[in-house]
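Asks: Below are the structure tokens for one structure; questions will follow.
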Amino acid sequence: MSHSVLICDDAIFMRTMIGDILQQSGFDVVGEAETGLQAIEKYKQLKPDLVTMDIVMPDMGGIDAVREITKFDPNARVLMCSAMGQQALVVEAIQAGAKDFVVKPFQPSRVLEAVQRVLG
Amino acid sequence: MDLSRYAELFLTESREHLSAINHLLLELERTPGASEPLDAIFRAVHTIKGMSATMGYGPVAELTHELESLLDRVRRGESRISAPLLDVSFATADALESAIDLAVAGRIDEIEVTQLLGRLRALASDKPARAKANGKKRRATSDNGEAGMLVRVRLAPDTQLSGVRAYLVVKRAETLGTVHSLSPSIEALQAGDFDRKFSLRLNTHEPAGAVEAALRSVGDVESVSAMSGSEENQTTPPNPDLHVDPVGEALPREALRQQQHIRIELRRLDTLMNLIGELMITRGRLVETAAAAGDLAVTEAVSEASRLISQLQDEIMMSRMVPVHHVFDRFPRLVRDAARSLGKNVEFAMSGKEIELDRSMLDEIGDPIVHLLRNAVDHGFETPAEREAAGKPAFGKLTLSAARERSSVTVRVSDDGRGIDRVRVLAKAREQGFVTDAAKTELTDEELIRMIARPGFSTKDQVTDLSGRGVGIDAVYSRVRALGGSVEIKTAAGQGTTTILRLPITLAIIRALLARVHDEVYAIPLTHVQETVALTPSHLKTVRGQEVLLMRGDVLPLVRMRTLASQPVAQDGTAHVIVLELGERRMGLVVDELSGQQDIVVKHFDAVRGGAALFSGATILSDGSPSLIVDVGSLL
């Protein structure tokens with residue numbers, strides 16, 4: 001059975017791109033979220049195997065969302081999507097419970113490697 | 001980029017720094033509080049680190065990096081100069097020496113620095129309060145296993161957000177046991193302030209292999225090595241207080257040093273060159289005197305000495321030879337920049353970079369070559385649109401090559417640009433009165449160069465733009481001629497231009513033919529002498545009021561040295577003709593008498609320009625008398 005994924009990003013472009021990368025590798029994108037709040041809501045509702053999480057989003061940022069999701073499910077597997085120069089924020093996200101990270105611009109191979117590590 | 005040719009330089013410089021480090025360490029040992037030697041060591045170590053990293057000599061860079069970190073702690077007052085610190089520093093200096101030799105010899109795989117790195121890191125990661133603790137104490141703790149497993153991690157070169165990745169590794173390690181002695185600190189790691197490598201100690205019950213596997217799974221980890229306390233002890237020298245060279249004895253160090261280099265001030269080489277020049281002159285005199293004395297034993301000894309002096313001269317010459325890449329290497333960048341700023345598409349290639357030239361010659365030819373390359377890019381090549389219209393490849397080909405040809409070196413600058421417009425040059429030459437022959441429709445290569453090499457001829461913008469070439473060719477020409485060389489230009493409209501510089505390999509000593517004219521003896525560089533003949537009336541002919549030389553059916557221009565040098569016109573008597581050649585040009589030079597050949601030392605001429613254009617320099621002959629050196633280039 002393929003793994004289910006929830007993609008959280010405020011940009012449609014990014015969501016589409018990550019979605020394509022993952023779907024092409026057999027993942028099942030079960031939901032998308034545009035804000036941190038939506039992400040928490042959808043996680044509780046869908047209980048996906050994996051969450052990809054943007055750091056900067058309106059309403060609630062990715063780091064707080066990770067914190068809330070991990071509180072709800074300590075085994076949640078969250079992959080942070082960061083940009084260059086967000087070193088400190090990524091560290092914070094990992095302290096909040098994220099398992100790994102990928103850096104934009106995305107290279108499909110790197111995204112998939114990270115996903116495998118998080119799921120592995 | 002090919003780094004191998006920098007290896008020798010790296011070796012020489014590193015050895016100098018190492019030697020300095022050893023001296024400074026001794027000084028530091030005598031006066032532990034002094035900051036000056038410490039700073040100097042730090043700089044030297046830092047320099048070797050930078051150089052070795054550039055050369056890709058990983059283990060050398062690693063060793064220097066660790067030593068640098070250790071010394072930096074001392075500089076920042078976190079550690080103090082102690083016996084173990086000095087010992088490990090000395091040991092590192094020794095190990096560096098071997099490692100550098102091996103690295104340069106291409107045997108980098110044989111370098112073994114692990115244990116020394118461990119010692120350096122252990123000392124550097126000591127708590128400030130324990131900085132004074134001696135090696136035995138430190139070892140005692142690791143014997144008890146309290147120090148835990150030493151884990152060293154290196155991240156992949158393309159790791160993104162390496163600080164975060166390192167943090168993930170540390171977090172993973174924390175799931176296996178207790179992490180301490182993290183180096184660099186967690187703050188530095190998170191900030192990405194490290195060079196992909198970090199180490200930590202882990203108190204764990206997991207076997208080393210399991211730790212390695214777990215940490216490797218974090219991703220972007222290039223290598224992990226976990227070493228338990230007991231393993232570490234086995235590889236640590238039995239007594240760290242003992243000055244042990246970890247690689248020293250096993251290596252045939254001497255074998256690696258066959259090609260040693262030292263640096264010598266250029267001035268000393270010049271002095272040597274001058275001295276050998278004087279010696280050559282004395283040798284000539286000695287040979288003459290011995291021959292006159294007629295004593296067989298003396299003649300034999302003199303001829304032996306003479307042979308040795310020749311060898312000595314050759315060796316000194318060789319010591320001055322430098323591969324042309326020392327000058328050539330900056331050209332690709334120069335051509336690229338010139339092409340960019342002028343909007344030309346140029347593909348630049350060089351060959352013969354290993355060809356050697358005398359150092360002083362090399363210094364002199366840089367500018368002329370730069371001139372030729374710039375000219376080619378600026379005036380030689382068409383614009384991209386013009387090239388397309390002419391059906392030529394989009395990228396202009398510019399090549400610079402050096403080649404050895406007998407006793408000279410040929411430097412060729414060749415482009416496939418528009419070539420020189422002979423018609424325009426001819427028209428211009430006519431306009432300026434250089435060409436009077438109305439029937440002439442085209443200039444040969446030889447004539448062409450004579451035209452454009454005339455000072456002032458080609459400096460008019462008009463001609464420059466139209467002819468596609470020419471700015472400052474006269475400057476190149478006169479410089480190369482002053483060096484005893486010659487310039488040749490081959491060009492074809494629409495196909496490009498090739499400029500050939502022929503240079504003597506060395507400046508200082510040339511073989512010359514000596515010719516007496518009245519009471520003066522002149523020296524004529526033998527490279528330009530084709531042959532000599534006794535002058536007979538049958539050689540002479542007058543064409544349009546000009547005396548010419550008839551040689552086996554060829555008609556050559558003829559010049560009398562007496563006329564040139566404003567000597568009184570010859571009384572009746574014998575005369576000789578020296579046939580001079582330069583490229584394809586030839587001419588006859590009439591002198592009174594030939595007085596043999598000699599190696600002469602060229603002393604450069606500071607005489608007033610213009611008046612002395614006939615001579616390129618002066619020399620002292622073996623009998624002690626001065627002689628002027630004829631500039632064949634200016635005659636032809």
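Chain labels follow the order of the structure tokens: the first chain is A, the next B, and so on; residue numbering restarts at 1 in every chain, and ligands are counted from 1 in their shown order.
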Specify as a PDB file with C-alpha atoms, in the first residue's frame all residues of chain B found within 7 Å of chain A, counting only C-alpha atoms.
Replies:
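Printed below is result17.pdb as written:
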ATOM      1  CA  GLN B 160      22.442  21.581   2.235  1.00  0.00           C
ATOM      2  CA  LEU B 161      22.079  23.449   5.505  1.00  0.00           C
ATOM      3  CA  GLY B 163      24.430  22.923  10.340  1.00  0.00           C
ATOM      4  CA  VAL B 164      20.968  21.438  10.531  1.00  0.00           C
TER       5      VAL B 164
END
Asks: Residues of chain A in helix (DSSP H, G or I) according to DSSP, as a PyMOL selection string?
Replies: chain A and resi 12-24+36-46+62-72+87-96+108-119
Asks: Could you check which of B:Ser19, B:Val324, B:Ala44, B:Leu155 is closest to B:Asp94, using only C-alpha atoms?
Replies: B:Ser19
Asks: Between B:Met227, B:Val151, B:Val602, B:Met561, which is the closest to B:Ser199 once you count only C-alpha atoms?
Replies: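 Under the stated criterion, the closest residue is B:Val151.
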Asks: Could you name the residues that touch A:Leu22 at 10 Å or less, counting only C-alpha atoms, but leaving out those on the same chain fewer than 4 positions away, as a PDB file with N, CA and C atoms, in the first residue's frame?
Replies:
ATOM      1  N   HIS A   3       2.133   5.058   0.599  1.00  0.00           N
ATOM      2  CA  HIS A   3       2.067   5.960   1.738  1.00  0.00           C
ATOM      3  C   HIS A   3       1.223   7.186   1.423  1.00  0.00           C
ATOM      4  N   SER A   4       0.515   7.622   2.419  1.00  0.00           N
ATOM      5  CA  SER A   4      -0.314   8.818   2.221  1.00  0.00           C
ATOM      6  C   SER A   4       0.451  10.062   2.667  1.00  0.00           C
ATOM      7  N   VAL A   5       0.251  11.131   1.932  1.00  0.00           N
ATOM      8  CA  VAL A   5       0.998  12.358   2.200  1.00  0.00           C
ATOM      9  C   VAL A   5       0.071  13.557   2.307  1.00  0.00           C
ATOM     10  N   THR A  16       1.967  21.901  -5.961  1.00  0.00           N
ATOM     11  CA  THR A  16       1.860  21.119  -7.189  1.00  0.00           C
ATOM     12  C   THR A  16       3.166  20.373  -7.458  1.00  0.00           C
ATOM     13  N   MET A  17       4.241  21.110  -7.263  1.00  0.00           N
ATOM     14  CA  MET A  17       5.532  20.516  -7.578  1.00  0.00           C
ATOM     15  C   MET A  17       5.855  19.344  -6.652  1.00  0.00           C
ATOM     16  N   ILE A  18       5.680  19.562  -5.362  1.00  0.00           N
ATOM     17  CA  ILE A  18       5.955  18.473  -4.422  1.00  0.00           C
ATOM     18  C   ILE A  18       5.014  17.309  -4.699  1.00  0.00           C
ATOM     19  N   GLY A  26       4.904   7.121  -6.623  1.00  0.00           N
ATOM     20  CA  GLY A  26       3.927   6.186  -6.069  1.00  0.00           C
ATOM     21  C   GLY A  26       3.308   6.588  -4.743  1.00  0.00           C
ATOM     22  N   PHE A  27       3.519   7.817  -4.318  1.00  0.00           N
ATOM     23  CA  PHE A  27       2.877   8.246  -3.078  1.00  0.00           C
ATOM     24  C   PHE A  27       1.452   8.707  -3.358  1.00  0.00           C
ATOM     25  N   ASP A  28       0.664   8.673  -2.318  1.00  0.00           N
ATOM     26  CA  ASP A  28      -0.742   9.031  -2.449  1.00  0.00           C
ATOM     27  C   ASP A  28      -0.962  10.364  -1.732  1.00  0.00           C
ATOM     28  N   VAL A  29      -1.098  11.446  -2.515  1.00  0.00           N
ATOM     29  CA  VAL A  29      -1.307  12.744  -1.892  1.00  0.00           C
ATOM     30  C   VAL A  29      -2.774  12.826  -1.462  1.00  0.00           C
ATOM     31  N   PRO A 108      14.215  16.629  -7.116  1.00  0.00           N
ATOM     32  CA  PRO A 108      13.369  15.463  -6.832  1.00  0.00           C
ATOM     33  C   PRO A 108      14.115  14.365  -6.077  1.00  0.00           C
ATOM     34  N   VAL A 111      14.432  15.197  -2.450  1.00  0.00           N
ATOM     35  CA  VAL A 111      13.143  15.131  -1.770  1.00  0.00           C
ATOM     36  C   VAL A 111      12.811  13.674  -1.460  1.00  0.00           C
ATOM     37  N   LEU A 112      12.985  12.817  -2.474  1.00  0.00           N
ATOM     38  CA  LEU A 112      12.637  11.415  -2.286  1.00  0.00           C
ATOM     39  C   LEU A 112      13.532  10.748  -1.249  1.00  0.00           C
ATOM     40  N   VAL A 115      12.316  11.795   2.091  1.00  0.00           N
ATOM     41  CA  VAL A 115      11.042  11.137   2.390  1.00  0.00           C
ATOM     42  C   VAL A 115      11.297   9.689   2.831  1.00  0.00           C
TER      43      VAL A 115
END
Asks: For the strand (DSSP E) assignment from backbone DSSP, which residues of stretch 527-607 of chain B qualify? Please present them as a compact mmCIF listing (two decimals) with C-alpha atoms, in the first residue's frame.
Replies:
# COMPACT_ATOMS: atom_id res chain seq x y z
CA VAL B 529 75.25 34.41 -40.09
CA GLN B 530 74.52 32.20 -43.06
CA GLU B 531 78.00 32.07 -44.56
CA THR B 532 81.14 34.07 -45.16
CA VAL B 533 83.13 34.45 -48.35
CA ALA B 534 86.24 36.33 -49.38
CA LEU B 540 79.96 42.74 -57.03
CA LYS B 541 77.56 44.40 -59.37
CA THR B 542 75.95 47.77 -59.48
CA VAL B 543 72.22 47.97 -60.04
CA GLN B 546 73.41 50.50 -55.75
CA GLU B 547 76.09 47.99 -55.00
CA VAL B 548 74.69 44.47 -54.81
CA LEU B 549 76.13 41.07 -54.04
CA LEU B 550 75.97 38.19 -56.47
CA MET B 551 75.88 34.87 -54.71
CA ASP B 554 71.11 35.38 -56.21
CA VAL B 555 71.24 39.12 -55.97
CA LEU B 556 71.49 40.36 -52.39
CA PRO B 557 71.66 43.87 -51.01
CA LEU B 558 75.16 44.79 -49.94
CA VAL B 559 76.30 47.07 -47.15
CA ARG B 560 79.82 48.05 -46.25
CA HIS B 576 85.18 39.56 -46.65
CA VAL B 577 81.45 39.34 -47.02
CA ILE B 578 79.29 38.02 -44.25
CA VAL B 579 75.93 36.83 -45.53
CA LEU B 580 73.37 37.70 -42.88
CA GLU B 581 69.97 36.13 -42.69
CA LEU B 582 66.89 36.86 -40.70
CA ARG B 585 65.70 38.11 -45.70
CA ARG B 586 69.36 38.06 -46.55
CA MET B 587 72.06 40.60 -47.20
CA GLY B 588 75.82 40.89 -47.51
CA LEU B 589 77.92 42.83 -45.02
CA VAL B 590 81.41 43.75 -46.11
CA VAL B 591 84.13 43.73 -43.45
CA GLU B 593 88.74 40.67 -41.93
CA LEU B 594 87.16 37.80 -40.02
CA SER B 595 88.74 37.19 -36.65
CA GLY B 596 87.11 34.02 -35.44
CA GLN B 597 84.19 33.05 -33.26
CA GLN B 598 83.72 33.61 -29.59
CA ASP B 599 81.11 33.25 -26.87
CA ILE B 600 80.29 36.75 -25.86
CA VAL B 601 78.43 38.11 -22.88
CA LYS B 603 75.91 43.82 -21.99
CA HIS B 604 72.83 45.80 -22.67
Asks: How many Å lie between atom CA of B:Gly617 and atom CA of B:Gly284, rounded to one decimal?
Replies: 19.8 Å
Asks: Just to confirm, what's the straight-line distance from atom CA of B:Pro207 to atom CA of B:Leu189 in Å (one decimal)?
Replies: 25.5 Å
Asks: Between atom CA of B:Leu71 and atom CA of B:Leu123, what is the distance in Å, rounded to a tenth?
Replies: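 Rounded to one decimal, the two atoms are 10.4 Å apart.
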Asks: Quick one: residues within 12 Å of A:Gly61, only C-alpha atoms counted, chain neighbours fewer than 2 positions away excluded, as a list in words?
Replies: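 Returned residues: Cys8, Asp9, Asp10, Ala33, Glu34, Thr35, Gly36, Leu37, Gln38, Ala39, Ile40, Met53, Asp54, Ile55, Val56, Met57, Pro58, Asp59, Ile63, Asp64, Ala65, Val66, Arg67, Glu68, Met80, Leu89, Glu92 and Ala93 of chain A.
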Asks: Near B:Ile316, within 9 Å and counting only C-alpha atoms, which residues show up once chain neighbours fewer than 5 positions away are dropped, as an MDAnalysis selection string?
Replies: chainID B and resid 269 272:273 276 311
